[in-house]
Amino acid sequence: MFVEDIKNDFYNLLLGNRVLLLVHYDVDAVCACKILQDLFKCDNISYTLVPVGGISELKTAYDENNEEIKYVVLVNCGGTIDLVDILQPEEDVVFFVLDSHKPTDICNVYSDGQVQLVYKDDEENIPNFDDIFREDEDEDVPDENLQGTERLEAVVERRRERKAWEEKRHTLMFNYTQFSYYGKPSACIALELAVRASRCNASALWAGAVGCATHSALHLRPPAQCLLDAEPLNRCLHTQRHSTTAHVVVEKDAWLPLYRWWSVEGALSHASCFAPKLKLHASSGASRLRQLLADMGFPLQQARQAYRSMDVELRRCLLTALETAAPKHKLPVPTRATFLLQKPHAQPLAALDTVYAIMALIEHETLPKAEGFQKALSVLQVSGENESLKQGVSAARKALEAVARLAHSILSSRGLLLAGPFNYFIVQEGTSESAMVKGPLWLGEAARWIASATSGSKPLVASSPLPNGQCLLLGLPPRYDEEPHNLFGAAFEQAAQKSGATVILDYVDTSILVLPVSQRTQFLDALTALLA
Amino acid sequence: MFGEKVIELLKESERNRETLSPFNDEMIRQIIEEMHILFKLNMNDANATSENKSLWTTVQVRHSALERNKRCLLAYLYDRINKIKTLRWEFGSVLPPDIRELLSDSEYDWFSKYSTNLATFMRSLGQDIGYSGIDLTENLRPPKSLYIEVLCITDYGKLELEDGDVVMLKKNSRHFLPTSECQTLIRQGILKQIT
């Protein structure tokens, strides 16, 4: 069931009640959670926030915290599974689901009030209720007044009808669940709620901006959709008072992660949208990068030093120089309208940088996930000194360096293998990078890097080692940057059935799974056979 | 003579307005002695002659000095009582021993009576709406926010709130709870306030 009025049917119900907030470990969820938290704080809604990593964690978190709780808000988790079936809640518990993972489970859509989906996405082609559900338990009981053959015919007719309906249902469901993809960022929906509640301040806007930037930076949505998603945000920016405190602005900026915290050369050679196109993994890569810098008119010495201490003239003309030099090297357009947080007496902070900082904190090399999550939440704070942000940025730089090293070594040592319909690569255990890409976010970044270095017209499967002889498997669709509908969710499920591997389908994103290393080959063989 | 001591006494209490100074037994005894002397002298002069009006002025001056001493002493005691009253709100019904020493015996009696009265009053509050009394001394200034955001640092287990809700305190979960419920847990190092 969908919520019609986001304020009256969702938020106002929460007022005065205790709320359980279950938040998935991803950047968009952190942003949405930040906005909701600020709203709850304003209205004194007491809440309990528990970050969850997968479906089993969702279940334990719910079981531990469900006492006396009537309202549960799920951010970026739970939409794609049948909540009532999995969590077995009491009759009067209501779940509000704010999930950008699609497709939404059909049982959640047609739940009678217990599961309420906060936002209705028009892109989803949800099958009609009558096509999916049908109440005819009383089959084979024809009318009493029919006799003999007539009665038999009626039974047969009814059975045939039922069979046709079942077939139709099957096709519909297949088409509906075939691809997994992402919908509008949850942070944008949370922001709309904040606007409706007249509590749209710089902090909420910033969290919304970071949420939007996430989906375009991680290629979760087609670029055109990303622009449309940002529309409510742009609307609010104009109404924002230009005060002397922190505020969010839209400006043309280079789509280079972390260049304000790095050197220009460093940022260019670690950006997953440019570096693969420059073929930095090849031996001639370094000279191509130097050529690009020369075309931009940046002396090497300047390009190698920290951006903030670079020549002011060069800093000013960075955007134009990049724009003119990029087409020559067949690079994508390097500048975009991006969201920046401007603070008095401080350099602006790009939403893109924050995305990477949060990513690095959630999947930190050493920090436990839950602690990283708490730090990630404080990265979004807009005023005052932000220690978490600094920590996040340095972790993100480390992670990007590791991803670049990994991609280079795989590409140059022919670690990318062809398995018929798809390519795959395996991160070997024991390498220094393997600890960095043990989570799906950074493994995805590495996979996108490799896919874009190899034209990306084939789907890609990436695998990295986990402790205890398990490994992580992640599927990337072909041409991920244009059409990010992911076919691997359904494929993985079927391949697991066919190969008989003991896979753990615990991730909310179905295109990620965990399985024992010993069964990986067997599983990939089954996948090849399936997709061929 | 003539109210010098009592002024000194008042000045002393004026010097430390915020704090309570020890009850100045010695000085008060001296002042009362002085008053006795003045009274005796007046008695003698008044009884000596009823005709001689030349002494009247002296008697009058002594009398005003007497009255002045009395008023100043009362002011001193009243000021102390006000301070003791605030002590009750700050420290509760049991005074720390070092403060107890500053009070005279009769002042301490007054304090206990005041304390009992206040407690009875607070217990009687809000009975019509089902509360068994309200502790008025809890929030002397209105709190900035009724709820605070806390992060749980250790696995604590279940916590039952005053309104009957049960909260599961597990490591790295965040909660938004009533300030009054959290304070002891924050002091114990189970929760951490997030600013």
# chains A, B, ... in the order shown; residues from 1 in each chain; ligands from 1
>>> select_by_dssp(residues="chain B", states="strand (DSSP E or B)", output="PyMOL selection string")
chain B and resi 147-152+157-160+166-169+174-178+191-193
>>> residues_around(residues="Thr179 (chain B)", least_positions_apart="3", cutoff="8 Å", atoms="only C-alpha atoms", output="number ranges by chain")
B: 145-148, 182-183
>>> interface_residues(of="chain B", to="chain A", cutoff="6 Å", atoms="only C-alpha atoms", output="VMD selection string")
chain B and resid 165 168 172 to 177
>>> residues_around(residues="Ser13 (chain B)", least_positions_apart="4", cutoff="10 Å", atoms="only C-alpha atoms", output="list in words")
Ile7, Glu8, Leu9, Arg17, Glu18, Thr19, Leu20, Ser21, Pro22, Phe23, Asn24, Tyr76, Asp79 and Arg80 of chain B
>>> residues_around(residues="Asn486 (chain A)", least_positions_apart="4", cutoff="8 Å", atoms="only C-alpha atoms", output="ChimeraX atom specification")
/A:179-181,475-477,511
>>> write_last_selection(atoms="N, CA and C atoms", output="CSV table (one decimal), in the first residue's frame")
chain,number,residue,atom,x,y,z
A,179,PHE,N,14.6,-7.6,-13.5
A,179,PHE,CA,15.7,-6.7,-13.3
A,179,PHE,C,15.6,-6.1,-11.9
A,180,SER,N,16.8,-6.0,-11.3
A,180,SER,CA,16.8,-5.2,-10.1
A,180,SER,C,17.4,-3.8,-10.4
A,181,TYR,N,16.8,-2.8,-9.9
A,181,TYR,CA,17.3,-1.4,-10.2
A,181,TYR,C,17.0,-0.5,-9.0
A,475,GLY,N,27.5,-8.5,-9.4
A,475,GLY,CA,27.2,-8.4,-10.8
A,475,GLY,C,27.0,-7.0,-11.3
A,476,LEU,N,27.6,-6.6,-12.4
A,476,LEU,CA,27.4,-5.3,-12.9
A,476,LEU,C,26.8,-5.5,-14.3
A,477,PRO,N,25.7,-4.8,-14.6
A,477,PRO,CA,25.1,-4.9,-15.9
A,477,PRO,C,25.9,-4.3,-17.0
A,511,SER,N,21.9,-8.3,-6.5
A,511,SER,CA,23.0,-8.6,-7.4
A,511,SER,C,24.3,-8.8,-6.7
>>> residues_around(residues="Lys113 (chain B)", least_positions_apart="6", cutoff="12 Å", atoms="only C-alpha atoms", output="ChimeraX atom specification")
/B:84-85,88,93,106-107,119-120
>>> write_last_selection(atoms="N, CA and C atoms", output="compact mmCIF listing (two decimals), in the first residue's frame")
# COMPACT_ATOMS: atom_id res chain seq x y z
N ILE B 84 19.59 29.98 53.39
CA ILE B 84 19.36 28.58 53.78
C ILE B 84 18.24 27.97 52.94
N LYS B 85 17.26 28.83 52.63
CA LYS B 85 16.15 28.36 51.80
C LYS B 85 16.69 27.87 50.44
N ARG B 88 18.22 24.47 50.46
CA ARG B 88 17.29 23.34 50.37
C ARG B 88 17.04 22.96 48.92
N SER B 93 17.24 17.62 50.87
CA SER B 93 16.89 17.65 52.28
C SER B 93 18.07 17.30 53.19
N SER B 106 19.33 26.70 65.95
CA SER B 106 17.95 27.09 65.66
C SER B 106 17.73 27.21 64.16
N GLU B 107 18.79 27.65 63.46
CA GLU B 107 18.68 27.73 62.01
C GLU B 107 18.48 26.33 61.43
N ALA B 119 8.57 19.16 51.21
CA ALA B 119 8.36 17.78 50.75
C ALA B 119 6.88 17.44 50.76
N THR B 120 6.18 17.86 51.82
CA THR B 120 4.74 17.59 51.88
C THR B 120 4.02 18.25 50.72
>>> closest_residue(among="B:Thr86, B:Ser64, B:Gln127, B:Ser132", to="Ser115 (chain B)", atoms="only C-alpha atoms")
B:Thr86
>>> select_by_dssp(residues="region 355-414 of chain A", states="helix (DSSP H, G or I)", output="MDAnalysis selection string")
chainID A and resid 355:362 369:379 387:412
>>> residues_around(residues="region 112-119 of chain A", least_positions_apart="2", cutoff="7 Å", atoms="only C-alpha atoms", output="ChimeraX atom specification")
/A:1-3,6,93-98,108,110,121
>>> write_last_selection(atoms="N, CA and C atoms", output="PDB file, in the first residue's frame")
ATOM      1  N   MET A   1       0.835  -1.183   0.000  1.00  0.00           N
ATOM      2  CA  MET A   1       0.000   0.000   0.000  1.00  0.00           C
ATOM      3  C   MET A   1       0.882   1.250   0.000  1.00  0.00           C
ATOM      4  N   PHE A   2       0.465   2.211  -0.783  1.00  0.00           N
ATOM      5  CA  PHE A   2       1.271   3.424  -0.883  1.00  0.00           C
ATOM      6  C   PHE A   2       0.700   4.526  -0.018  1.00  0.00           C
ATOM      7  N   VAL A   3       1.588   5.331   0.502  1.00  0.00           N
ATOM      8  CA  VAL A   3       1.153   6.475   1.299  1.00  0.00           C
ATOM      9  C   VAL A   3       0.756   7.585   0.339  1.00  0.00           C
ATOM     10  N   ILE A   6       2.343  12.351   2.184  1.00  0.00           N
ATOM     11  CA  ILE A   6       3.550  11.992   2.933  1.00  0.00           C
ATOM     12  C   ILE A   6       3.553  12.591   4.332  1.00  0.00           C
ATOM     13  N   VAL A  93       1.517  -3.591  14.336  1.00  0.00           N
ATOM     14  CA  VAL A  93       2.767  -2.902  13.985  1.00  0.00           C
ATOM     15  C   VAL A  93       2.665  -2.423  12.537  1.00  0.00           C
ATOM     16  N   VAL A  94       3.067  -1.170  12.306  1.00  0.00           N
ATOM     17  CA  VAL A  94       3.022  -0.630  10.958  1.00  0.00           C
ATOM     18  C   VAL A  94       4.444  -0.363  10.464  1.00  0.00           C
ATOM     19  N   PHE A  95       4.730  -0.821   9.266  1.00  0.00           N
ATOM     20  CA  PHE A  95       6.044  -0.580   8.673  1.00  0.00           C
ATOM     21  C   PHE A  95       5.920   0.511   7.618  1.00  0.00           C
ATOM     22  N   PHE A  96       6.758   1.527   7.737  1.00  0.00           N
ATOM     23  CA  PHE A  96       6.841   2.516   6.671  1.00  0.00           C
ATOM     24  C   PHE A  96       8.148   2.247   5.926  1.00  0.00           C
ATOM     25  N   VAL A  97       8.041   2.042   4.645  1.00  0.00           N
ATOM     26  CA  VAL A  97       9.223   1.647   3.886  1.00  0.00           C
ATOM     27  C   VAL A  97       9.640   2.770   2.954  1.00  0.00           C
ATOM     28  N   LEU A  98      10.882   3.166   3.088  1.00  0.00           N
ATOM     29  CA  LEU A  98      11.461   4.217   2.253  1.00  0.00           C
ATOM     30  C   LEU A  98      12.651   3.559   1.574  1.00  0.00           C
ATOM     31  N   ASN A 108       4.244  -6.397  -0.435  1.00  0.00           N
ATOM     32  CA  ASN A 108       4.304  -5.110   0.251  1.00  0.00           C
ATOM     33  C   ASN A 108       3.388  -4.101  -0.414  1.00  0.00           C
ATOM     34  N   TYR A 110       0.643  -4.639  -2.093  1.00  0.00           N
ATOM     35  CA  TYR A 110      -0.784  -4.884  -1.880  1.00  0.00           C
ATOM     36  C   TYR A 110      -1.092  -5.270  -0.436  1.00  0.00           C
ATOM     37  N   ASP A 121       6.710   5.180  -7.047  1.00  0.00           N
ATOM     38  CA  ASP A 121       7.528   5.487  -8.205  1.00  0.00           C
ATOM     39  C   ASP A 121       6.716   5.197  -9.454  1.00  0.00           C
TER      40      ASP A 121
END
>>> atom_distance(atom1="CA of Tyr424 (chain A)", atom2="CA of Ala462 (chain A)")
5.6 Å
>>> residues_around(residues="Ala75 (chain B)", least_positions_apart="3", cutoff="12 Å", atoms="only C-alpha atoms", output="compact mmCIF listing (two decimals) with N, CA and C atoms, in the first residue's frame")
# COMPACT_ATOMS: atom_id res chain seq x y z
N VAL B 6 27.23 46.01 64.90
CA VAL B 6 26.19 45.39 64.09
C VAL B 6 26.40 45.72 62.61
N ILE B 7 26.94 46.93 62.38
CA ILE B 7 27.22 47.30 60.99
C ILE B 7 28.31 46.39 60.43
N LEU B 9 28.87 43.41 61.30
CA LEU B 9 28.24 42.10 61.05
C LEU B 9 27.53 42.09 59.70
N LEU B 10 26.78 43.17 59.45
CA LEU B 10 26.05 43.24 58.19
C LEU B 10 27.02 43.32 57.01
N LYS B 11 28.09 44.09 57.21
CA LYS B 11 29.06 44.22 56.13
C LYS B 11 29.66 42.86 55.80
N SER B 13 28.29 39.99 56.07
CA SER B 13 27.38 39.17 55.28
C SER B 13 27.19 39.76 53.89
N GLU B 14 27.36 41.08 53.78
CA GLU B 14 27.25 41.73 52.48
C GLU B 14 28.41 41.33 51.57
N ARG B 68 17.99 50.33 66.43
CA ARG B 68 18.76 50.09 65.21
C ARG B 68 19.46 48.73 65.29
N ASN B 69 20.06 48.47 66.46
CA ASN B 69 20.72 47.18 66.63
C ASN B 69 19.74 46.02 66.39
N LYS B 70 18.54 46.18 66.92
CA LYS B 70 17.55 45.12 66.80
C LYS B 70 17.19 44.89 65.33
N ARG B 71 16.97 46.01 64.61
CA ARG B 71 16.59 45.88 63.21
C ARG B 71 17.71 45.24 62.40
N CYS B 72 18.92 45.65 62.69
CA CYS B 72 20.04 45.10 61.92
C CYS B 72 20.22 43.61 62.19
N TYR B 78 17.38 37.36 58.74
CA TYR B 78 16.49 37.15 57.60
C TYR B 78 17.30 36.81 56.35
N ASP B 79 18.40 37.51 56.19
CA ASP B 79 19.25 37.27 55.03
C ASP B 79 19.77 35.82 55.04
N ARG B 80 20.17 35.39 56.25
CA ARG B 80 20.67 34.02 56.34
C ARG B 80 19.58 33.01 56.02
N ILE B 81 18.38 33.30 56.49
CA ILE B 81 17.29 32.35 56.25
C ILE B 81 17.03 32.20 54.75
N ASN B 82 17.10 33.33 54.04
CA ASN B 82 16.91 33.25 52.59
C ASN B 82 17.96 32.36 51.95
>>> atom_distance(atom1="CA of Cys188 (chain A)", atom2="CA of Asn12 (chain A)")
18.8 Å
>>> closest_residue(among="A:Ser272, A:Thr366, A:Ser186, A:Ser216", to="Glu401 (chain A)", atoms="only C-alpha atoms")
A:Ser272
